[in-house]
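Have a look at final.cif below; it lists mmCIF, C-alpha atoms.
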data_protein
#
loop_
_atom_site.label_atom_id
_atom_site.label_comp_id
_atom_site.auth_asym_id
_atom_site.auth_seq_id
_atom_site.Cartn_x
_atom_site.Cartn_y
_atom_site.Cartn_z
CA LEU T 1 0.00 0.00 0.00
CA LEU T 2 2.83 2.39 0.86
CA LEU T 3 4.48 1.61 -2.50
CA ASN T 4 1.24 2.51 -4.30
CA ARG T 5 1.08 5.80 -2.40
CA VAL T 6 4.67 6.61 -3.28
CA MET T 7 4.11 5.89 -6.98
CA PHE T 8 0.95 8.02 -6.99
CA GLY T 9 2.75 10.85 -5.22
CA ARG T 10 5.63 10.83 -7.68
CA SER T 11 3.19 10.94 -10.57
CA ALA T 12 1.55 13.96 -8.95
CA LEU T 13 4.89 15.70 -8.70
CA ARG T 14 5.38 15.27 -12.46
CA LEU T 15 1.96 16.85 -13.16
CA VAL T 16 2.69 20.08 -11.29
CA PRO T 17 4.57 21.75 -14.22
CA CYS T 18 1.50 21.15 -16.46
CA GLY T 19 -0.61 23.19 -14.11
CA ARG T 20 1.99 25.94 -13.92
CA ARG T 21 2.08 26.28 -17.73
CA ALA T 22 -1.72 26.44 -17.92
CA VAL T 23 -1.89 29.12 -15.26
CA ARG T 24 0.75 31.22 -17.07
CA GLN T 25 -1.19 30.95 -20.34
CA ILE T 26 -4.39 32.17 -18.73
CA ALA T 27 -2.58 34.98 -16.92
CA THR T 28 -0.90 36.25 -20.12
CA GLY T 29 -3.81 35.60 -22.47
CA SER T 30 -1.61 33.30 -24.55
CA ARG T 31 -3.50 30.35 -26.05
CA GLY T 32 -1.16 28.94 -28.68
CA HIS T 33 -2.53 25.67 -30.04
CA HIS T 34 -4.35 24.89 -26.79
CA ASN T 35 -8.04 25.50 -26.46
CA ASN T 36 -9.74 26.82 -23.35
CA TYR T 37 -10.93 23.40 -22.25
CA ARG T 38 -7.45 21.96 -22.37
CA MET T 39 -6.12 24.94 -20.45
CA MET T 40 -8.78 24.55 -17.81
CA PHE T 41 -7.96 20.85 -17.53
CA GLY T 42 -4.33 21.81 -17.05
CA VAL T 43 -5.19 24.23 -14.27
CA VAL T 44 -7.35 21.73 -12.43
CA THR T 45 -4.79 18.98 -12.92
CA GLY T 46 -1.99 21.21 -11.76
CA LEU T 47 -3.76 22.47 -8.68
CA GLY T 48 -4.81 18.98 -7.69
CA ALA T 49 -1.33 17.68 -8.28
CA ALA T 50 0.16 20.52 -6.25
CA THR T 51 -2.05 19.56 -3.32
CA VAL T 52 -1.03 15.92 -3.63
CA ALA T 53 2.63 16.83 -4.00
CA TYR T 54 2.52 18.97 -0.87
CA GLN T 55 1.00 16.14 1.13
CA PHE T 56 3.38 13.63 -0.50
CA LYS T 57 6.15 14.88 1.76
CA SER T 58 4.15 13.57 4.72
CA VAL T 59 3.77 10.18 3.03
CA LEU T 60 7.51 9.88 2.57
CA ALA T 61 8.13 10.96 6.15
CA GLU T 62 5.78 8.24 7.38
CA GLN T 63 8.09 5.61 5.88
CA LYS T 64 10.02 5.92 9.13
CA LYS T 65 7.55 4.40 11.55
CA THR T 66 7.85 5.15 15.23
CA ASP T 67 8.21 2.17 17.54
CA TRP T 68 5.74 3.47 20.10
CA ALA T 69 6.14 0.50 22.43
CA GLN T 70 9.89 1.10 22.56
CA LEU T 71 9.37 4.83 23.07
CA ARG T 72 7.02 4.17 25.98
CA LYS T 73 9.59 1.81 27.51
CA GLU T 74 12.39 4.35 27.15
CA LEU T 75 10.26 7.12 28.63
CA GLU T 76 9.43 4.97 31.65
CA GLU T 77 13.12 4.25 32.28
CA TRP T 78 13.94 7.93 31.67
CA MET T 79 11.50 8.90 34.47
CA GLU T 80 13.86 7.54 37.12
CA LEU T 81 16.13 10.41 38.13
CA GLU T 82 17.71 10.21 41.55
CA GLU T 83 18.78 13.86 41.68
CA HIS T 84 15.25 15.13 40.96
CA ASP T 85 12.37 15.45 43.45
CA ASP T 86 11.97 12.22 45.43
CA GLY T 87 14.00 10.38 42.77
CA SER T 88 11.42 10.62 40.01
CA PHE T 89 10.87 12.87 36.99
CA ALA T 90 7.35 11.49 36.48
CA PRO T 91 5.31 14.04 38.48
CA ILE T 92 6.66 17.04 36.55
CA CYS T 93 5.89 15.22 33.28
CA ILE T 94 2.23 14.92 34.31
CA ARG T 95 2.21 18.63 35.08
CA LEU T 96 3.77 19.40 31.67
CA ALA T 97 1.11 17.40 29.82
CA TRP T 98 -1.62 18.91 32.01
CA HIS T 99 -0.54 22.52 31.47
CA SER T 100 0.08 22.00 27.76
CA SER T 101 -3.49 20.79 27.33
CA GLY T 102 -5.52 22.78 29.84
CA THR T 103 -5.43 26.03 27.87
CA TRP T 104 -8.01 24.97 25.26
CA ASP T 105 -10.84 27.41 24.56
CA PRO T 106 -13.51 26.11 22.16
CA LYS T 107 -15.08 29.55 21.69
CA THR T 108 -11.94 31.03 20.15
CA GLN T 109 -10.51 27.66 19.02
CA THR T 110 -7.18 28.56 20.62
CA GLY T 111 -4.80 26.77 22.95
CA GLY T 112 -4.63 23.07 23.75
CA SER T 113 -1.83 20.52 23.46
CA ASP T 114 -1.28 20.98 19.72
CA GLY T 115 1.78 23.04 18.81
CA ALA T 116 3.92 22.54 21.94
CA THR T 117 3.60 26.31 22.24
CA MET T 118 5.05 26.39 25.74
CA ARG T 119 8.48 26.20 24.10
CA PHE T 120 8.20 29.90 23.31
CA ALA T 121 7.75 33.12 25.26
CA PRO T 122 5.50 34.52 26.49
CA GLU T 123 3.72 31.19 27.16
CA ALA T 124 6.87 29.67 28.61
CA ASP T 125 6.87 32.47 31.17
CA HIS T 126 3.21 32.29 32.20
CA GLY T 127 2.98 32.11 35.98
CA ALA T 128 1.28 28.71 36.04
CA ASN T 129 4.13 27.24 33.95
CA ALA T 130 6.90 28.26 36.33
CA GLY T 131 9.47 25.48 36.69
CA LEU T 132 8.28 23.50 33.67
CA HIS T 133 11.36 24.54 31.69
CA ILE T 134 13.11 21.72 33.58
CA ALA T 135 10.85 19.14 31.93
CA ARG T 136 10.87 20.84 28.52
CA ASN T 137 14.67 21.03 28.44
CA ARG T 138 15.22 17.43 29.48
CA ILE T 139 12.66 16.04 27.04
CA ARG T 140 14.97 17.21 24.24
CA GLU T 141 16.99 14.05 24.96
CA ILE T 142 14.04 11.94 23.83
CA LYS T 143 13.31 14.21 20.87
CA ALA T 144 16.87 13.74 19.62
CA LYS T 145 16.34 9.96 19.50
CA TYR T 146 12.88 10.23 17.94
CA PRO T 147 13.05 13.28 15.64
CA GLU T 148 9.94 12.17 13.74
CA VAL T 149 7.79 12.60 16.86
CA SER T 150 6.60 16.14 17.55
CA TYR T 151 7.37 17.90 20.82
CA ALA T 152 3.61 18.27 21.29
CA ASP T 153 3.15 14.50 21.14
CA LEU T 154 6.14 13.93 23.43
CA TYR T 155 4.82 16.33 26.08
CA VAL T 156 1.53 14.45 26.23
CA LEU T 157 2.94 10.94 25.92
CA ALA T 158 5.48 11.60 28.68
CA GLY T 159 2.63 12.61 30.98
CA LEU T 160 0.59 9.50 30.19
CA VAL T 161 3.59 7.21 30.65
CA ALA T 162 4.38 8.96 33.94
CA VAL T 163 0.96 8.05 35.32
CA GLU T 164 1.47 4.38 34.51
CA ALA T 165 5.11 4.37 35.66
CA MET T 166 3.98 5.47 39.12
CA GLY T 167 1.40 2.71 39.43
CA GLY T 168 -1.57 4.44 37.82
CA PRO T 169 -3.74 3.37 34.88
CA ARG T 170 -2.49 2.89 31.34
CA ILE T 171 -3.96 5.66 29.21
CA PRO T 172 -4.28 5.24 25.42
CA PHE T 173 -2.26 7.71 23.39
CA ARG T 174 -3.13 9.05 19.95
CA PRO T 175 -0.25 10.69 18.03
CA GLY T 176 -0.66 13.37 15.41
CA ARG T 177 -0.04 16.71 17.13
CA SER T 178 2.02 19.31 15.31
CA ASP T 179 4.76 21.68 16.47
CA ALA T 180 4.46 25.43 16.07
CA PRO T 181 7.47 26.74 14.11
CA GLY T 182 8.06 29.75 16.35
CA PRO T 183 6.51 32.24 18.77
CA ALA T 184 3.19 33.79 17.80
CA THR T 185 0.04 35.34 19.24
CA PRO T 186 -3.24 33.40 19.38
CA PHE T 187 -4.45 35.68 16.57
CA GLU T 188 -1.53 34.62 14.36
CA ASP T 189 -1.55 30.92 15.34
CA LYS T 190 -4.55 29.45 17.12
CA ARG T 191 -2.41 26.84 18.85
CA PHE T 192 -1.14 29.57 21.20
CA SER T 193 -3.03 30.85 24.24
CA PRO T 194 -3.01 33.92 26.49
CA ASP T 195 -2.08 33.83 30.17
CA GLY T 196 -4.68 33.08 32.83
CA ARG T 197 -6.37 29.96 31.47
CA LEU T 198 -5.00 27.46 33.99
CA PRO T 199 -6.34 27.00 37.55
CA ASP T 200 -4.96 29.23 40.30
CA GLY T 201 -4.13 27.25 43.44
CA ALA T 202 -4.62 30.33 45.61
CA ILE T 203 -8.35 30.60 44.82
CA GLN T 204 -10.54 28.73 47.30
CA LYS T 205 -13.75 28.71 45.27
CA ALA T 206 -15.52 25.83 43.54
CA SER T 207 -16.77 28.33 40.97
CA HIS T 208 -13.16 28.92 39.86
CA TYR T 209 -12.83 25.28 38.82
CA ARG T 210 -16.21 25.27 37.12
CA ASP T 211 -15.42 28.46 35.20
CA ILE T 212 -12.31 26.84 33.74
CA PHE T 213 -13.23 23.19 33.35
CA LYS T 214 -17.00 23.08 33.03
CA ASP T 215 -17.99 26.33 31.35
CA ARG T 216 -14.92 26.63 29.11
CA MET T 217 -13.79 23.07 28.37
CA GLY T 218 -16.93 21.04 28.96
CA PHE T 219 -15.93 18.81 31.89
CA THR T 220 -18.44 17.52 34.44
CA ASP T 221 -18.01 17.92 38.20
CA GLN T 222 -17.00 14.27 38.40
CA GLU T 223 -14.31 14.75 35.71
CA ILE T 224 -13.01 17.88 37.44
CA VAL T 225 -12.49 16.04 40.72
CA ALA T 226 -10.92 13.06 38.95
CA LEU T 227 -8.43 15.31 37.14
CA LEU T 228 -7.42 17.01 40.37
CA GLY T 229 -6.52 13.60 41.74
CA ALA T 230 -3.22 14.12 39.93
CA HIS T 231 -2.24 15.95 43.13
CA SER T 232 -1.63 12.50 44.59
CA VAL T 233 1.89 12.84 43.17
CA GLY T 234 4.55 15.52 43.16
CA ARG T 235 5.08 18.53 45.37
CA CYS T 236 5.03 22.32 45.27
CA HIS T 237 8.18 24.45 45.27
CA PRO T 238 8.57 28.00 46.63
CA ILE T 239 10.79 28.93 43.66
CA ALA T 240 8.03 27.93 41.20
CA SER T 241 4.48 28.31 42.49
CA GLY T 242 5.45 29.84 45.83
CA PHE T 243 3.71 27.00 47.70
CA ASP T 244 5.73 24.33 49.48
CA GLY T 245 5.38 20.63 50.15
CA PRO T 246 3.73 17.39 48.93
CA TRP T 247 0.05 16.48 49.12
CA THR T 248 0.68 12.89 50.19
CA ARG T 249 3.35 10.79 51.89
CA SER T 250 4.00 8.86 48.66
CA PRO T 251 4.58 11.62 46.08
CA THR T 252 5.92 9.20 43.47
CA THR T 253 3.06 6.70 43.69
CA PHE T 254 -0.13 7.37 41.75
CA SER T 255 -3.01 6.50 44.07
CA ASN T 256 -6.21 7.80 45.66
CA GLN T 257 -4.31 9.06 48.73
CA TYR T 258 -4.90 12.68 47.79
CA PHE T 259 -8.63 12.18 48.41
CA VAL T 260 -8.00 10.16 51.57
CA GLU T 261 -5.79 12.88 53.04
CA LEU T 262 -8.12 15.67 51.96
CA LEU T 263 -11.08 14.03 53.71
CA ASN T 264 -9.56 12.42 56.78
CA ASN T 265 -6.63 14.62 57.79
CA LYS T 266 -6.96 17.80 59.83
CA TRP T 267 -6.06 20.92 57.88
CA THR T 268 -5.20 24.32 59.31
CA GLU T 269 -3.69 27.42 57.74
CA LYS T 270 0.08 27.33 57.76
CA LYS T 271 1.83 30.13 59.61
CA TRP T 272 4.68 31.23 57.43
CA LYS T 273 5.80 34.07 55.16
CA GLY T 274 4.72 32.34 51.97
CA PRO T 275 1.33 32.33 50.23
CA ARG T 276 -1.74 31.04 52.03
CA GLN T 277 -1.82 27.24 52.21
CA PHE T 278 -2.91 24.53 54.61
CA THR T 279 -0.87 22.02 56.61
CA ASP T 280 -1.58 18.82 58.53
CA PRO T 281 -0.70 18.40 62.25
CA THR T 282 2.73 16.95 61.42
CA GLY T 283 3.64 19.84 59.14
CA ASP T 284 4.78 17.34 56.49
CA LEU T 285 1.84 17.61 54.11
CA MET T 286 0.06 20.53 52.53
CA MET T 287 -3.11 21.44 50.65
CA LEU T 288 -3.72 24.47 48.47
CA PRO T 289 -6.71 26.76 49.01
CA SER T 290 -8.09 25.40 45.73
CA ASP T 291 -7.85 21.84 47.11
CA MET T 292 -9.96 22.78 50.11
CA ALA T 293 -12.70 23.95 47.77
CA LEU T 294 -13.29 20.31 46.82
CA ILE T 295 -14.55 19.42 50.29
CA GLU T 296 -16.48 22.66 50.77
CA ASP T 297 -18.68 22.18 47.71
CA PRO T 298 -21.28 19.38 48.20
CA GLU T 299 -21.16 18.11 44.60
CA PHE T 300 -17.37 18.05 44.49
CA LYS T 301 -17.18 16.47 47.95
CA LYS T 302 -19.45 13.64 46.84
CA TRP T 303 -16.84 12.57 44.31
CA VAL T 304 -13.94 13.09 46.74
CA GLU T 305 -15.67 10.62 49.05
CA ILE T 306 -16.26 8.11 46.25
CA TYR T 307 -12.63 8.20 45.12
CA ALA T 308 -11.29 8.02 48.68
CA LYS T 309 -13.09 4.70 49.06
CA ASP T 310 -12.61 3.29 45.58
CA GLN T 311 -9.19 3.60 43.94
CA ASP T 312 -10.19 1.48 40.94
CA ARG T 313 -13.04 3.88 40.19
CA PHE T 314 -10.67 6.83 40.50
CA PHE T 315 -8.17 5.23 38.12
CA LYS T 316 -10.88 4.53 35.54
CA ASP T 317 -12.34 8.04 35.73
CA PHE T 318 -8.95 9.76 35.77
CA ALA T 319 -7.77 7.87 32.69
CA SER T 320 -10.90 8.90 30.80
CA ALA T 321 -10.77 12.56 31.88
CA PHE T 322 -7.02 12.97 31.32
CA LYS T 323 -7.22 11.43 27.85
CA LYS T 324 -10.05 13.87 27.06
CA LEU T 325 -8.04 16.82 28.36
CA THR T 326 -4.95 16.01 26.30
CA GLU T 327 -6.95 15.69 23.07
CA LEU T 328 -9.02 18.87 23.29
CA GLY T 329 -8.73 20.94 20.12
CA VAL T 330 -6.30 18.61 18.36
CA LYS T 331 -7.03 17.97 14.68
CA PHE T 332 -5.75 14.45 14.23
CA PRO T 333 -4.92 12.93 10.81
CA ALA T 334 -8.08 10.79 11.05
CA GLU T 335 -10.01 13.78 9.71
CA LYS T 336 -8.77 13.04 6.17
CA LYS T 337 -11.58 11.43 4.18
CA GLY T 338 -12.11 9.41 1.01
CA TRP T 339 -9.20 9.11 -1.42
CA MET T 340 -7.18 11.41 0.85
CA SER T 341 -7.55 8.74 3.53
CA TRP T 342 -6.28 6.07 1.12
CA LEU T 343 -3.31 8.14 -0.02
CA PHE T 344 -2.17 9.68 3.26
CA GLY T 345 -2.79 6.86 5.70
CA GLY T 346 -6.16 8.15 6.89
CA LYS T 347 -6.63 7.26 10.46
CA SER T 348 -4.43 8.13 13.45
CA GLU T 349 -4.55 5.06 15.69
CA TYR T 350 -4.13 4.84 19.44
CA VAL T 351 -0.82 3.39 20.55
#

What do you get writing this file as structure tokens?
Amino acid sequence: LLLNRVMFGRSALRLVPCGRRAVRQIATGSRGHHNNYRMMFGVVTGLGAATVAYQFKSVLAEQKKTDWAQLRKELEEWMELEEHDDGSFAPICIRLAWHSSGTWDPKTQTGGSDGATMRFAPEADHGANAGLHIARNRIREIKAKYPEVSYADLYVLAGLVAVEAMGGPRIPFRPGRSDAPGPATPFEDKRFSPDGRLPDGAIQKASHYRDIFKDRMGFTDQEIVALLGAHSVGRCHPIASGFDGPWTRSPTTFSNQYFVELLNNKWTEKKWKGPRQFTDPTGDLMMLPSDMALIEDPEFKKWVEIYAKDQDRFFKDFASAFKKLTELGVKFPAEKKGWMSWLFGGKSEYV
């Protein structure tokens, strides 16, 4: 099948000059021995061939197939990093995938995980993305080994692999995201997004979550709570967010302990010079003001209680919600139809 595509593409390349000649004849009024019908045929043929030729580059590039199973394996091994927080790079990879994706706005059709736009200022310097340069810089090691995979796909895949590497659910991954060529405004390139679209941990209001996730991105209350269960891993850093400390006692194990701690521990405001946050009696664990909103709102609390009792249910719901988040706004290759599907591979499969 690939050989047939290549032959068809090469034929298309040879037809492009025919279209160019026809266009020049129409533009100059020169007809020669050609009649109008033949000229029109040349234009149509040339334009069609030009489209095919442009896409043909993608067909040739696809001849180098990515070994996704091997890439997943290498990413999982790459997550182990003794000198990083608690010996694991996995939590920051989840945050990278989360923040790359959580900027989607369907009204303006801007943002989302497509483009890997966080590589460029000003998005790289948005307050919510503080500290993520560490993950972006290190992921270049993987990009160098798999140059055919976009940064946008790597950011998301690294986050999904990180969940599984820490004991969480396996989440299907669908490749096909593109990389923005350089910095731009959302007006110039819809893959970019303005500042202020990600949740603010300092806001202790359920309405803040619903404004971002429900009203803007279409998530249910249940999906919102499931997504926030990612706080079961990792920790906050004063040099990044200003907050300090882990949410659980096992910050490199993906579990339902975030919900257990949130419900069953005793939380009081921490007395320190940093931003407002909450601490447990031992002073070892912390919760953000935004975390506390989950047990103050009855509908959110209902799901916190369900997930605190049922880790399997949490894993199932998190996998579904996180997959949804990372795919918002992405135009995958599966959208090619008909003969375009036959020629250019059509469907983007989950791997």

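The residues returned by the PyMOL selection byres ((chain T and resi 179) around 8) on the shown structure are T:Asp114, T:Gly115, T:Ala116, T:Thr117, T:Ser150, T:Tyr151, T:Ala152, T:Arg177, T:Ser178, T:Ala180, T:Pro181.
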
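With distances restricted to all atoms listed in the file, T:Ala293 is the closest residue to T:Gln204 from T:Ile224, T:Leu285, T:Ala293, T:Leu263.
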
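For the set T:Tyr155, T:Asp310, T:Gln109, T:Arg197, the residue with the smallest atom-to-atom gap to T:His126 is T:Arg197, counting all atoms listed in the file.
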
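The shell of residues at most 10 Å from T:Asp291, with all atoms listed in the file counted and near chain neighbours (fewer than 3 positions) removed, consists of Gly201, Ala202, Ile203, Gln204, Lys205, Ala206, Val225, Leu228, Gly229, His231, Trp247, Tyr258, Phe259, Leu262, Gln277, Phe278, Met286, Met287, Leu288, Leu294, Ile295 and Glu296 of chain T.
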
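Proximity of T:Thr220, T:Thr253, T:Thr279, T:Thr326 to T:Ala158, computed with all atoms listed in the file, is greatest for T:Thr326.
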
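Residue nearest T:Ala240 within the list T:Asp125, T:Asp221, T:Glu261, T:Glu305: T:Asp125 [criterion: smallest interatomic distance, all atoms listed in the file].
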
message: Please enumerate the residues selected by the PyMOL selection byres ((chain T and resi 196) around 9) when evaluated against the supplied file, formatted as a ChimeraX atom specification.
response: /T:103,126-128,194-195,197-200

field: Length of the atom CA of T:Pro122 to atom CA of T:His99 vector [Å]
entry: 14.3 Å

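Between atom CA of T:Arg191 and atom CA of T:Thr110 the interatomic distance comes to 5.4 Å.
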